[in-house]
file input_16.pdb (PDB, C-alpha atoms)
ATOM      1  CA  MET A   7     -31.256  40.693 -15.279
ATOM      2  CA  ALA A   8     -30.415  36.984 -15.512
ATOM      3  CA  ILE A   9     -30.621  37.135 -19.301
ATOM      4  CA  LYS A  10     -28.307  40.155 -19.373
ATOM      5  CA  SER A  11     -25.796  38.375 -17.123
ATOM      6  CA  ALA A  12     -25.925  35.302 -19.329
ATOM      7  CA  ILE A  13     -25.260  37.402 -22.438
ATOM      8  CA  LEU A  14     -22.332  39.158 -20.746
ATOM      9  CA  LEU A  15     -20.912  35.806 -19.629
ATOM     10  CA  ALA A  16     -21.225  34.345 -23.128
ATOM     11  CA  PHE A  17     -19.508  37.412 -24.596
ATOM     12  CA  ALA A  18     -16.687  37.247 -22.061
ATOM     13  CA  THR A  19     -16.223  33.533 -22.753
ATOM     14  CA  SER A  20     -16.051  34.137 -26.507
ATOM     15  CA  VAL A  21     -13.481  36.898 -26.014
ATOM     16  CA  ILE A  22     -11.348  34.588 -23.871
ATOM     17  CA  LEU A  23     -11.586  31.855 -26.511
ATOM     18  CA  VAL A  24     -10.509  34.276 -29.234
ATOM     19  CA  LEU A  25      -7.596  35.466 -27.125
ATOM     20  CA  VAL A  26      -6.460  31.941 -26.271
ATOM     21  CA  THR A  27      -6.696  30.630 -29.822
ATOM     22  CA  GLY A  28      -5.035  33.780 -31.118
ATOM     23  CA  ILE A  29      -2.009  33.197 -28.909
ATOM     24  CA  ASN A  30      -1.294  29.809 -30.470
ATOM     25  CA  ALA A  31      -2.293  30.536 -34.037
ATOM     26  CA  GLY A  32       0.885  29.298 -35.751
ATOM     27  CA  ASP A  33       1.930  25.950 -37.199
ATOM     28  CA  ILE A  34       5.209  24.028 -37.119
ATOM     29  CA  THR A  35       6.803  22.675 -40.286
ATOM     30  CA  ILE A  36       9.589  20.070 -40.188
ATOM     31  CA  TYR A  37      11.977  18.727 -42.822
ATOM     32  CA  TRP A  38      12.368  14.944 -42.737
ATOM     33  CA  GLY A  39      14.422  12.576 -44.861
ATOM     34  CA  GLN A  40      18.099  13.440 -44.642
ATOM     35  CA  ASN A  41      19.164  11.317 -41.670
ATOM     36  CA  SER A  42      18.299   7.674 -41.111
ATOM     37  CA  ASP A  43      18.526   8.179 -37.335
ATOM     38  CA  GLU A  44      15.546  10.557 -37.173
ATOM     39  CA  GLY A  45      12.809   7.931 -36.951
ATOM     40  CA  THR A  46      10.256   6.948 -39.564
ATOM     41  CA  LEU A  47       7.882   9.307 -41.286
ATOM     42  CA  ALA A  48       4.957   7.724 -39.422
ATOM     43  CA  GLU A  49       6.741   8.252 -36.092
ATOM     44  CA  THR A  50       7.459  11.853 -37.050
ATOM     45  CA  CYS A  51       3.784  12.578 -37.604
ATOM     46  CA  ALA A  52       2.742  10.620 -34.506
ATOM     47  CA  THR A  53       4.592  13.101 -32.256
ATOM     48  CA  GLY A  54       1.717  15.515 -32.770
ATOM     49  CA  ASN A  55       4.189  18.405 -33.010
ATOM     50  CA  TYR A  56       4.038  19.097 -36.733
ATOM     51  CA  ASP A  57       1.432  20.477 -39.125
ATOM     52  CA  PHE A  58       3.561  20.149 -42.268
ATOM     53  CA  VAL A  59       6.235  17.580 -43.074
ATOM     54  CA  ASN A  60       8.528  18.280 -46.022
ATOM     55  CA  LEU A  61      10.149  15.167 -47.490
ATOM     56  CA  ALA A  62      13.714  16.069 -48.396
ATOM     57  CA  PHE A  63      14.724  15.822 -51.176
ATOM     58  CA  LEU A  64      14.243  15.365 -54.889
ATOM     59  CA  PRO A  65      17.741  16.735 -55.646
ATOM     60  CA  THR A  66      18.155  15.536 -59.234
ATOM     61  CA  PHE A  67      15.869  16.812 -61.992
ATOM     62  CA  GLY A  68      15.673  19.172 -64.949
ATOM     63  CA  ASN A  69      17.680  19.653 -68.152
ATOM     64  CA  GLY A  70      16.864  16.148 -69.353
ATOM     65  CA  GLN A  71      18.166  14.366 -66.253
ATOM     66  CA  THR A  72      16.348  11.320 -64.918
ATOM     67  CA  PRO A  73      14.734  12.596 -61.703
ATOM     68  CA  MET A  74      15.896  10.804 -58.565
ATOM     69  CA  ILE A  75      14.869  11.165 -54.937
ATOM     70  CA  ASN A  76      17.344  10.963 -52.056
ATOM     71  CA  LEU A  77      16.070  10.125 -48.582
ATOM     72  CA  ALA A  78      19.487   9.275 -47.125
ATOM     73  CA  GLY A  79      19.269   5.848 -45.467
ATOM     74  CA  HIS A  80      15.474   5.730 -45.152
ATOM     75  CA  CYS A  81      14.970   3.818 -48.388
ATOM     76  CA  ASP A  82      16.681   2.915 -51.659
ATOM     77  CA  PRO A  83      14.977   4.571 -54.631
ATOM     78  CA  TYR A  84      17.194   2.664 -57.081
ATOM     79  CA  SER A  85      15.524  -0.610 -56.107
ATOM     80  CA  ASN A  86      12.082   1.017 -55.863
ATOM     81  CA  GLY A  87      12.427   0.646 -52.103
ATOM     82  CA  CYS A  88      10.604   3.837 -51.141
ATOM     83  CA  THR A  89       7.130   2.602 -52.048
ATOM     84  CA  ASN A  90       6.772   1.287 -48.496
ATOM     85  CA  LEU A  91       6.541   4.909 -47.370
ATOM     86  CA  SER A  92       3.147   5.137 -49.043
ATOM     87  CA  SER A  93       1.337   3.997 -45.886
ATOM     88  CA  ASP A  94       3.351   6.448 -43.758
ATOM     89  CA  ILE A  95       2.353   9.351 -46.005
ATOM     90  CA  LYS A  96      -1.302   8.344 -45.805
ATOM     91  CA  SER A  97      -1.051   7.952 -42.025
ATOM     92  CA  CYS A  98       0.257  11.514 -41.704
ATOM     93  CA  GLN A  99      -2.465  12.882 -43.943
ATOM     94  CA  ALA A 100      -5.136  11.022 -41.973
ATOM     95  CA  GLN A 101      -4.000  13.075 -38.956
ATOM     96  CA  GLY A 102      -4.499  16.322 -40.863
ATOM     97  CA  ILE A 103      -0.792  16.797 -41.560
ATOM     98  CA  LYS A 104       0.177  18.041 -45.011
ATOM     99  CA  VAL A 105       3.037  16.083 -46.596
ATOM    100  CA  ILE A 106       5.042  18.046 -49.149
ATOM    101  CA  LEU A 107       7.768  16.840 -51.526
ATOM    102  CA  SER A 108      10.766  19.165 -51.359
ATOM    103  CA  LEU A 109      12.755  19.875 -54.525
ATOM    104  CA  GLY A 110      16.415  20.827 -54.487
ATOM    105  CA  GLY A 111      18.295  21.237 -51.239
ATOM    106  CA  GLY A 112      21.779  22.490 -50.484
ATOM    107  CA  ALA A 113      23.433  19.784 -52.565
ATOM    108  CA  GLY A 114      22.076  18.384 -55.796
ATOM    109  CA  SER A 115      22.012  18.485 -59.554
ATOM    110  CA  TYR A 116      19.066  20.548 -60.629
ATOM    111  CA  TYR A 117      18.168  23.433 -62.868
ATOM    112  CA  LEU A 118      15.568  24.262 -65.475
ATOM    113  CA  ALA A 119      16.900  24.880 -68.962
ATOM    114  CA  SER A 120      13.741  26.439 -70.416
ATOM    115  CA  SER A 121      10.051  26.995 -69.930
ATOM    116  CA  ASP A 122       9.402  23.742 -71.764
ATOM    117  CA  ASP A 123      11.799  21.976 -69.388
ATOM    118  CA  ALA A 124       9.767  23.392 -66.493
ATOM    119  CA  ARG A 125       6.595  22.050 -68.101
ATOM    120  CA  GLN A 126       8.136  18.588 -68.442
ATOM    121  CA  VAL A 127       9.279  18.577 -64.810
ATOM    122  CA  ALA A 128       5.792  19.669 -63.705
ATOM    123  CA  THR A 129       4.261  16.819 -65.713
ATOM    124  CA  TYR A 130       6.698  14.364 -64.130
ATOM    125  CA  LEU A 131       5.881  15.611 -60.635
ATOM    126  CA  TRP A 132       2.157  15.386 -61.305
ATOM    127  CA  ASN A 133       2.310  11.849 -62.657
ATOM    128  CA  ASN A 134       4.759  10.462 -60.105
ATOM    129  CA  PHE A 135       3.997  12.258 -56.843
ATOM    130  CA  LEU A 136       0.687  14.095 -57.175
ATOM    131  CA  GLY A 137      -2.678  13.201 -58.688
ATOM    132  CA  GLY A 138      -1.510  11.765 -61.986
ATOM    133  CA  GLN A 139      -0.597   8.224 -62.955
ATOM    134  CA  SER A 140       2.669   6.452 -63.706
ATOM    135  CA  ALA A 141       3.888   2.855 -63.687
ATOM    136  CA  SER A 142       6.882   3.863 -61.578
ATOM    137  CA  ARG A 143       5.623   6.085 -58.766
ATOM    138  CA  PRO A 144       8.477   6.204 -56.192
ATOM    139  CA  PHE A 145       6.021   6.340 -53.250
ATOM    140  CA  GLY A 146       3.340   4.125 -54.727
ATOM    141  CA  ASP A 147      -0.214   5.422 -54.776
ATOM    142  CA  ALA A 148       0.294   8.018 -52.019
ATOM    143  CA  ILE A 149      -0.521  11.524 -53.234
ATOM    144  CA  PHE A 150       1.544  14.375 -51.829
ATOM    145  CA  ASP A 151      -0.236  17.557 -50.795
ATOM    146  CA  GLY A 152       2.163  19.771 -52.686
ATOM    147  CA  ILE A 153       5.644  20.700 -53.838
ATOM    148  CA  ASP A 154       8.291  22.655 -51.922
ATOM    149  CA  PHE A 155      10.902  24.766 -53.716
ATOM    150  CA  ASP A 156      14.105  24.551 -51.647
ATOM    151  CA  ILE A 157      16.233  25.936 -54.443
ATOM    152  CA  GLU A 158      19.754  26.826 -53.347
ATOM    153  CA  GLY A 159      21.752  26.377 -56.539
ATOM    154  CA  GLY A 160      21.671  25.938 -60.292
ATOM    155  CA  THR A 161      20.116  29.049 -61.808
ATOM    156  CA  ASN A 162      17.260  31.385 -60.897
ATOM    157  CA  GLN A 163      15.528  30.848 -64.232
ATOM    158  CA  HIS A 164      12.118  29.266 -64.934
ATOM    159  CA  TRP A 165      11.094  28.502 -61.347
ATOM    160  CA  ASP A 166       8.179  30.854 -61.971
ATOM    161  CA  ASP A 167       7.240  28.704 -64.980
ATOM    162  CA  LEU A 168       7.368  25.551 -62.856
ATOM    163  CA  ALA A 169       5.090  27.177 -60.272
ATOM    164  CA  LYS A 170       2.619  28.195 -62.982
ATOM    165  CA  TYR A 171       2.505  24.738 -64.542
ATOM    166  CA  LEU A 172       2.092  23.027 -61.168
ATOM    167  CA  SER A 173      -0.637  25.429 -60.077
ATOM    168  CA  ARG A 174      -2.733  24.466 -63.088
ATOM    169  CA  TYR A 175      -3.005  20.926 -61.756
ATOM    170  CA  SER A 176      -4.905  22.262 -58.748
ATOM    171  CA  GLN A 177      -7.858  22.685 -61.070
ATOM    172  CA  ARG A 178      -7.960  18.959 -61.868
ATOM    173  CA  SER A 179      -8.555  17.481 -58.441
ATOM    174  CA  LYS A 180      -7.444  18.451 -54.953
ATOM    175  CA  LYS A 181      -5.348  21.562 -54.466
ATOM    176  CA  VAL A 182      -1.608  21.307 -55.101
ATOM    177  CA  TYR A 183       0.043  23.413 -52.415
ATOM    178  CA  LEU A 184       3.142  25.326 -53.454
ATOM    179  CA  THR A 185       5.718  26.196 -50.814
ATOM    180  CA  ALA A 186       9.255  27.581 -50.811
ATOM    181  CA  ALA A 187      12.274  27.884 -48.518
ATOM    182  CA  PRO A 188      14.175  31.011 -49.584
ATOM    183  CA  GLN A 189      17.135  32.512 -47.718
ATOM    184  CA  CYS A 190      16.306  35.517 -45.525
ATOM    185  CA  PRO A 191      18.213  38.221 -47.491
ATOM    186  CA  PHE A 192      15.457  39.842 -49.571
ATOM    187  CA  PRO A 193      14.831  39.164 -52.398
ATOM    188  CA  ASP A 194      16.012  35.565 -52.571
ATOM    189  CA  ALA A 195      18.677  34.991 -55.213
ATOM    190  CA  TRP A 196      17.127  31.784 -56.513
ATOM    191  CA  VAL A 197      13.331  31.876 -56.216
ATOM    192  CA  GLY A 198      12.755  35.597 -55.722
ATOM    193  CA  GLY A 199      11.221  35.887 -59.179
ATOM    194  CA  ALA A 200       8.988  32.851 -58.728
ATOM    195  CA  LEU A 201       7.621  34.203 -55.462
ATOM    196  CA  LYS A 202       6.343  37.285 -57.297
ATOM    197  CA  THR A 203       3.796  35.121 -59.125
ATOM    198  CA  GLY A 204       1.573  35.027 -56.038
ATOM    199  CA  LEU A 205       1.098  31.282 -56.524
ATOM    200  CA  PHE A 206       2.812  30.177 -53.317
ATOM    201  CA  ASP A 207       0.745  29.240 -50.297
ATOM    202  CA  TYR A 208       3.444  28.960 -47.639
ATOM    203  CA  VAL A 209       6.932  30.431 -47.603
ATOM    204  CA  TRP A 210       9.290  29.231 -44.846
ATOM    205  CA  VAL A 211      12.129  31.739 -44.923
ATOM    206  CA  GLN A 212      15.505  30.448 -43.750
ATOM    207  CA  PHE A 213      16.556  32.893 -41.034
ATOM    208  CA  TYR A 214      19.883  31.110 -40.599
ATOM    209  CA  ASN A 215      23.306  30.945 -42.251
ATOM    210  CA  ASN A 216      22.744  34.626 -43.093
ATOM    211  CA  PRO A 217      23.946  36.832 -40.184
ATOM    212  CA  GLN A 218      22.658  40.008 -41.842
ATOM    213  CA  CYS A 219      19.066  38.951 -41.160
ATOM    214  CA  GLU A 220      19.382  36.741 -38.094
ATOM    215  CA  TYR A 221      18.608  37.121 -34.420
ATOM    216  CA  ILE A 222      22.000  37.498 -32.758
ATOM    217  CA  ASP A 223      22.667  37.483 -29.003
ATOM    218  CA  GLY A 224      19.467  39.195 -27.949
ATOM    219  CA  ASP A 225      19.349  41.628 -30.885
ATOM    220  CA  ILE A 226      16.218  41.145 -32.958
ATOM    221  CA  THR A 227      16.717  44.186 -35.219
ATOM    222  CA  ASN A 228      18.083  42.432 -38.318
ATOM    223  CA  LEU A 229      15.563  39.609 -38.144
ATOM    224  CA  GLU A 230      12.646  41.937 -37.579
ATOM    225  CA  ASN A 231      13.612  44.206 -40.478
ATOM    226  CA  ALA A 232      13.928  41.226 -42.823
ATOM    227  CA  TRP A 233      10.646  39.759 -41.554
ATOM    228  CA  LYS A 234       8.866  43.009 -42.425
ATOM    229  CA  GLN A 235      10.323  42.912 -45.941
ATOM    230  CA  TRP A 236       9.117  39.357 -46.487
ATOM    231  CA  THR A 237       5.640  39.851 -45.070
ATOM    232  CA  THR A 238       5.151  43.158 -46.870
ATOM    233  CA  ASN A 239       6.466  42.269 -50.317
ATOM    234  CA  VAL A 240       5.771  38.586 -50.931
ATOM    235  CA  PRO A 241       2.226  37.736 -52.095
ATOM    236  CA  ALA A 242       2.027  34.398 -50.238
ATOM    237  CA  THR A 243      -0.752  33.203 -47.945
ATOM    238  CA  LYS A 244       1.532  32.694 -44.932
ATOM    239  CA  ILE A 245       5.189  33.353 -44.092
ATOM    240  CA  PHE A 246       7.021  31.101 -41.626
ATOM    241  CA  LEU A 247      10.108  31.794 -39.531
ATOM    242  CA  GLY A 248      12.623  29.142 -40.608
ATOM    243  CA  LEU A 249      15.104  28.110 -37.907
ATOM    244  CA  PRO A 250      17.659  25.401 -37.109
ATOM    245  CA  ALA A 251      16.339  23.058 -34.410
ATOM    246  CA  SER A 252      19.822  22.829 -32.885
ATOM    247  CA  PRO A 253      23.036  24.909 -32.875
ATOM    248  CA  LYS A 254      24.551  22.004 -34.838
ATOM    249  CA  ALA A 255      21.874  22.174 -37.543
ATOM    250  CA  ALA A 256      23.292  25.319 -39.170
ATOM    251  CA  GLY A 257      26.379  27.494 -39.218
ATOM    252  CA  SER A 258      24.512  30.326 -37.496
ATOM    253  CA  GLY A 259      21.013  31.492 -36.637
ATOM    254  CA  PHE A 260      19.997  29.183 -33.797
ATOM    255  CA  ILE A 261      17.635  30.926 -31.355
ATOM    256  CA  PRO A 262      17.348  29.520 -27.805
ATOM    257  CA  GLU A 263      13.794  28.380 -27.107
ATOM    258  CA  SER A 264      13.299  30.912 -24.308
ATOM    259  CA  ASP A 265      14.419  33.796 -26.540
ATOM    260  CA  LEU A 266      12.122  32.658 -29.349
ATOM    261  CA  ILE A 267       9.149  32.510 -26.995
ATOM    262  CA  SER A 268       9.811  35.731 -25.067
ATOM    263  CA  GLN A 269      11.294  38.017 -27.722
ATOM    264  CA  VAL A 270      11.042  36.846 -31.311
ATOM    265  CA  ILE A 271       7.531  35.438 -31.698
ATOM    266  CA  PRO A 272       5.899  38.409 -29.908
ATOM    267  CA  ALA A 273       7.678  40.726 -32.355
ATOM    268  CA  ILE A 274       6.521  38.964 -35.536
ATOM    269  CA  GLU A 275       3.208  37.218 -34.834
ATOM    270  CA  GLY A 276       1.222  40.425 -35.247
ATOM    271  CA  SER A 277       1.564  40.169 -39.018
ATOM    272  CA  THR A 278      -1.528  38.815 -40.755
ATOM    273  CA  LYS A 279       0.864  36.675 -42.818
ATOM    274  CA  TYR A 280       2.477  35.039 -39.791
ATOM    275  CA  GLY A 281       2.201  31.287 -40.295
ATOM    276  CA  GLY A 282       4.429  29.813 -37.611
ATOM    277  CA  VAL A 283       7.878  28.238 -37.448
ATOM    278  CA  MET A 284       9.754  25.928 -39.820
ATOM    279  CA  LEU A 285      12.513  23.736 -38.389
ATOM    280  CA  TRP A 286      15.518  22.057 -39.963
ATOM    281  CA  SER A 287      15.323  19.204 -39.288
ATOM    282  CA  LYS A 288      13.618  16.222 -37.614
ATOM    283  CA  TYR A 289      16.986  14.688 -36.729
ATOM    284  CA  TYR A 290      18.130  17.829 -34.899
ATOM    285  CA  ASP A 291      14.720  18.359 -33.332
ATOM    286  CA  ASP A 292      15.058  14.889 -31.814
ATOM    287  CA  GLN A 293      18.333  15.952 -30.209
ATOM    288  CA  THR A 294      16.985  19.134 -28.597
ATOM    289  CA  GLY A 295      13.226  18.700 -28.216
ATOM    290  CA  TYR A 296      12.880  22.167 -29.767
ATOM    291  CA  SER A 297       9.422  21.680 -31.291
ATOM    292  CA  SER A 298       8.033  20.292 -28.030
ATOM    293  CA  ALA A 299       9.396  23.307 -26.148
ATOM    294  CA  ILE A 300       7.872  25.908 -28.481
ATOM    295  CA  LYS A 301       4.709  24.128 -29.620
ATOM    296  CA  ASN A 302       2.326  25.886 -27.249
ATOM    297  CA  TYR A 303       3.786  29.315 -27.984
ATOM    298  CA  VAL A 304       4.011  29.355 -31.780
TER     299      VAL A 304
END
call {"tool": "encode", "arguments": {"input": "input_16.pdb", "output": "structure tokens"}}
result
Amino acid sequence: MAIKSAILLAFATSVILVLVTGINAGDITIYWGQNSDEGTLAETCATGNYDFVNLAFLPTFGNGQTPMINLAGHCDPYSNGCTNLSSDIKSCQAQGIKVILSLGGGAGSYYLASSDDARQVATYLWNNFLGGQSASRPFGDAIFDGIDFDIEGGTNQHWDDLAKYLSRYSQRSKKVYLTAAPQCPFPDAWVGGALKTGLFDYVWVQFYNNPQCEYIDGDITNLENAWKQWTTNVPATKIFLGLPASPKAAGSGFIPESDLISQVIPAIEGSTKYGGVMLWSKYYDDQTGYSSAIKNYV
């Protein structure tokens, strides 16, 4: 009888553990780098709120241009002043946080002129930010965990080629994670074709600045319909709900923390592709404390 009771107790405990861990199964991704008042990268990771940090941005590349990073006032790439971030990147990674370099952004000079151009950009990224070697690595010997495609301009051509070339480097050493930040109208106008390759690990869909697929004043219909399209049709490992961390962070699409917790997450987390929440950006998250408020519910 005692043995039977012990078995039942162990089973009940395991069920409770599964239920508890299942409730908080998502991650939080943050974009860092576009405001010098958002704290350092090391401080960002030390909050314990984030599982992925996307460094924003590498906004100049492709078509023969000299690639150039832009981290607002955090460091000056023109004087090779960003190499001091190497220790910050390593500190984040030592805490189990993946640090991703984000390409593109809402403002920049970037596009790929051909498949060969995509190959050259992939080679540059490998040698300067990933596992390759270069005499002029902008972040020193720190090795990023992957590359984020935040493509919001230029053309929609050859991003699939860039993904294919980058994915081949995963075979050389540690995995090169590929992520993307498309707009929520499906399919995305810029990287929709690239996402069909099935090479992307994480896709943080921007459910903001697009009223046709946002949560608006208690109505989840448009967001939920778009979420189903993304999770059903995109062959990625995980899909994230991308949100502004403050009403000031975007033109539209902000979801109050209480609404996110009580209405939105319960409606979308049942998908096997649910990965969590992406926030734009660290600066705005500092203003609102959004990630701290939702962390235990994502």
call {"tool": "closest_residue", "arguments": {"input": "input_16.pdb", "among": "A:Ser142, A:Asn69, A:Gln218, A:Asn231", "to": "Ala124 (chain A)", "atoms": "only C-alpha atoms"}}
result
A:Asn69
call {"tool": "atom_distance", "arguments": {"input": "input_16.pdb", "atom1": "CA of Leu91 (chain A)", "atom2": "CA of Ala256 (chain A)"}}
result
27.6 Å
call {"tool": "atom_distance", "arguments": {"input": "input_16.pdb", "atom1": "CA of Gly114 (chain A)", "atom2": "CA of Thr66 (chain A)"}}
result
5.9 Å
call {"tool": "atom_distance", "arguments": {"input": "input_16.pdb", "atom1": "CA of Tyr116 (chain A)", "atom2": "CA of Gly282 (chain A)"}}
result
28.8 Å
call {"tool": "resolve_selection", "arguments": {"input": "input_16.pdb", "expression": "the PyMOL selection byres ((chain A and resi 32) around 7)", "output": "JSON, numbers by chain"}}
result
{"A": [30, 31, 33, 34, 281, 282, 304]}
call {"tool": "closest_atom_pairs", "arguments": {"input": "input_16.pdb", "of": "region 115-200 of chain A", "to": "region 241-251 of chain A", "cutoff": "10 Å", "atoms": "all atoms listed in the file", "output": "tab-separated table"}}
result
residue	atom	partner	partner_atom	distance
A:Leu184	CA	A:Ala242	CA	9.7
A:Thr185	CA	A:Ala242	CA	9.0
A:Ala186	CA	A:Ile245	CA	9.7
A:Ala187	CA	A:Gly248	CA	8.0
A:Pro188	CA	A:Gly248	CA	9.3
A:Gln189	CA	A:Gly248	CA	9.1
A:Cys190	CA	A:Gly248	CA	8.9
call {"tool": "resolve_selection", "arguments": {"input": "input_16.pdb", "expression": "the PyMOL selection byres ((chain A and resi 119) around 10)", "output": "list in words"}}
result
Gly68, Asn69, Gly70, Tyr116, Tyr117, Leu118, Ser120, Ser121, Asp122, Asp123, Ala124, Gly160, Thr161, Gln163 and His164 of chain A
call {"tool": "closest_atom_pairs", "arguments": {"input": "input_16.pdb", "of": "region 34-93 of chain A", "to": "region 98-106 of chain A", "cutoff": "12 Å", "atoms": "only C-alpha atoms", "output": "tab-separated table"}}
result
residue	atom	partner	partner_atom	distance
A:Ile34	CA	A:Ile103	CA	10.4
A:Thr35	CA	A:Lys104	CA	9.4
A:Ile36	CA	A:Val105	CA	10.0
A:Tyr37	CA	A:Ile106	CA	9.4
A:Trp38	CA	A:Val105	CA	10.2
A:Gly39	CA	A:Ile106	CA	11.7
A:Thr46	CA	A:Cys98	CA	11.2
A:Leu47	CA	A:Cys98	CA	7.9
A:Ala48	CA	A:Cys98	CA	6.5
A:Glu49	CA	A:Cys98	CA	9.2
A:Thr50	CA	A:Cys98	CA	8.6
A:Cys51	CA	A:Cys98	CA	5.5
A:Ala52	CA	A:Cys98	CA	7.7
A:Thr53	CA	A:Cys98	CA	10.5
A:Gly54	CA	A:Gln101	CA	8.8
A:Asn55	CA	A:Ile103	CA	10.0
A:Tyr56	CA	A:Ile103	CA	7.2
A:Asp57	CA	A:Ile103	CA	4.9
A:Phe58	CA	A:Lys104	CA	4.8
A:Val59	CA	A:Val105	CA	5.0
A:Asn60	CA	A:Ile106	CA	4.7
A:Leu61	CA	A:Ile106	CA	6.1
A:Ala62	CA	A:Ile106	CA	8.9
A:Phe63	CA	A:Ile106	CA	10.1
A:Leu64	CA	A:Ile106	CA	11.2
A:Leu91	CA	A:Cys98	CA	10.7
A:Ser92	CA	A:Cys98	CA	10.1
A:Ser93	CA	A:Cys98	CA	8.7
call {"tool": "residues_around", "arguments": {"input": "input_16.pdb", "residues": "region 87-90 of chain A", "least_positions_apart": "6", "cutoff": "12 Å", "atoms": "all atoms listed in the file", "output": "PyMOL selection string"}}
result
chain A and resi 39+46-48+61+74-81+96+134-135+142-149
call {"tool": "closest_residue", "arguments": {"input": "input_16.pdb", "among": "A:Val283, A:Ala169, A:Ala255, A:Ile274", "to": "Asn41 (chain A)", "atoms": "all atoms listed in the file"}}
result
A:Ala255
call {"tool": "closest_residue", "arguments": {"input": "input_16.pdb", "among": "A:Tyr280, A:Phe206, A:Phe213, A:Trp196", "to": "Thr237 (chain A)", "atoms": "only C-alpha atoms"}}
result
A:Tyr280
call {"tool": "resolve_selection", "arguments": {"input": "input_16.pdb", "expression": "the PyMOL selection byres ((chain A and resi 197-203) around 7)", "output": "JSON, numbers by chain"}}
result
{"A": [157, 162, 165, 166, 188, 193, 194, 195, 196, 204, 205, 206, 240, 241]}
call {"tool": "residues_around", "arguments": {"input": "input_16.pdb", "residues": "Tyr171 (chain A)", "least_positions_apart": "2", "cutoff": "8 Å", "atoms": "only C-alpha atoms", "output": "ChimeraX atom specification"}}
result
/A:124-125,128,167-169,173-175
call {"tool": "axis_aligned_box", "arguments": {"input": "input_16.pdb", "around": "region 117-121 of chain A", "padding_each_side": "3 Å", "output": "lines of an AutoDock Vina configuration file"}}
result
center_x = 14.1
center_y = 25.2
center_z = -66.6
size_x = 14.1
size_y = 9.6
size_z = 13.5
call {"tool": "closest_residue", "arguments": {"input": "input_16.pdb", "among": "A:Thr238, A:Lys279, A:Ile95, A:Ile261", "to": "Asp207 (chain A)", "atoms": "all atoms listed in the file"}}
result
A:Lys279
call {"tool": "build_atoms", "arguments": {"input": "input_16.pdb", "residues": "region 85-99 of chain A", "atoms": "N, CA and C atoms", "output": "PDB file, in the coordinates of the input"}}
result
ATOM      1  N   SER A  85      16.164   0.708 -56.072  1.00  0.00           N
ATOM      2  CA  SER A  85      15.524  -0.610 -56.107  1.00  0.00           C
ATOM      3  C   SER A  85      14.021  -0.492 -55.880  1.00  0.00           C
ATOM      4  N   ASN A  86      13.504   0.729 -56.073  1.00  0.00           N
ATOM      5  CA  ASN A  86      12.082   1.017 -55.863  1.00  0.00           C
ATOM      6  C   ASN A  86      11.680   0.745 -54.414  1.00  0.00           C
ATOM      7  N   GLY A  87      12.645   0.984 -53.492  1.00  0.00           N
ATOM      8  CA  GLY A  87      12.427   0.646 -52.103  1.00  0.00           C
ATOM      9  C   GLY A  87      11.708   1.689 -51.274  1.00  0.00           C
ATOM     10  N   CYS A  88      11.283   2.779 -51.901  1.00  0.00           N
ATOM     11  CA  CYS A  88      10.604   3.837 -51.141  1.00  0.00           C
ATOM     12  C   CYS A  88       9.082   3.723 -51.196  1.00  0.00           C
ATOM     13  N   THR A  89       8.591   2.748 -51.942  1.00  0.00           N
ATOM     14  CA  THR A  89       7.130   2.602 -52.048  1.00  0.00           C
ATOM     15  C   THR A  89       6.510   2.216 -50.702  1.00  0.00           C
ATOM     16  N   ASN A  90       7.336   1.656 -49.805  1.00  0.00           N
ATOM     17  CA  ASN A  90       6.772   1.287 -48.496  1.00  0.00           C
ATOM     18  C   ASN A  90       6.464   2.502 -47.636  1.00  0.00           C
ATOM     19  N   LEU A  91       6.880   3.678 -48.090  1.00  0.00           N
ATOM     20  CA  LEU A  91       6.541   4.909 -47.370  1.00  0.00           C
ATOM     21  C   LEU A  91       5.128   5.389 -47.680  1.00  0.00           C
ATOM     22  N   SER A  92       4.497   4.742 -48.640  1.00  0.00           N
ATOM     23  CA  SER A  92       3.147   5.137 -49.043  1.00  0.00           C
ATOM     24  C   SER A  92       2.195   5.137 -47.848  1.00  0.00           C
ATOM     25  N   SER A  93       2.243   4.088 -47.033  1.00  0.00           N
ATOM     26  CA  SER A  93       1.337   3.997 -45.886  1.00  0.00           C
ATOM     27  C   SER A  93       1.667   5.053 -44.832  1.00  0.00           C
ATOM     28  N   ASP A  94       2.956   5.403 -44.700  1.00  0.00           N
ATOM     29  CA  ASP A  94       3.351   6.448 -43.758  1.00  0.00           C
ATOM     30  C   ASP A  94       2.777   7.804 -44.182  1.00  0.00           C
ATOM     31  N   ILE A  95       2.872   8.082 -45.479  1.00  0.00           N
ATOM     32  CA  ILE A  95       2.353   9.351 -46.005  1.00  0.00           C
ATOM     33  C   ILE A  95       0.849   9.446 -45.736  1.00  0.00           C
ATOM     34  N   LYS A  96       0.152   8.357 -46.015  1.00  0.00           N
ATOM     35  CA  LYS A  96      -1.302   8.344 -45.805  1.00  0.00           C
ATOM     36  C   LYS A  96      -1.646   8.472 -44.323  1.00  0.00           C
ATOM     37  N   SER A  97      -0.829   7.864 -43.468  1.00  0.00           N
ATOM     38  CA  SER A  97      -1.051   7.952 -42.025  1.00  0.00           C
ATOM     39  C   SER A  97      -0.934   9.399 -41.552  1.00  0.00           C
ATOM     40  N   CYS A  98       0.075  10.099 -42.056  1.00  0.00           N
ATOM     41  CA  CYS A  98       0.257  11.514 -41.704  1.00  0.00           C
ATOM     42  C   CYS A  98      -0.954  12.335 -42.155  1.00  0.00           C
ATOM     43  N   GLN A  99      -1.352  12.117 -43.385  1.00  0.00           N
ATOM     44  CA  GLN A  99      -2.465  12.882 -43.943  1.00  0.00           C
ATOM     45  C   GLN A  99      -3.767  12.604 -43.209  1.00  0.00           C
TER      46      GLN A  99
END
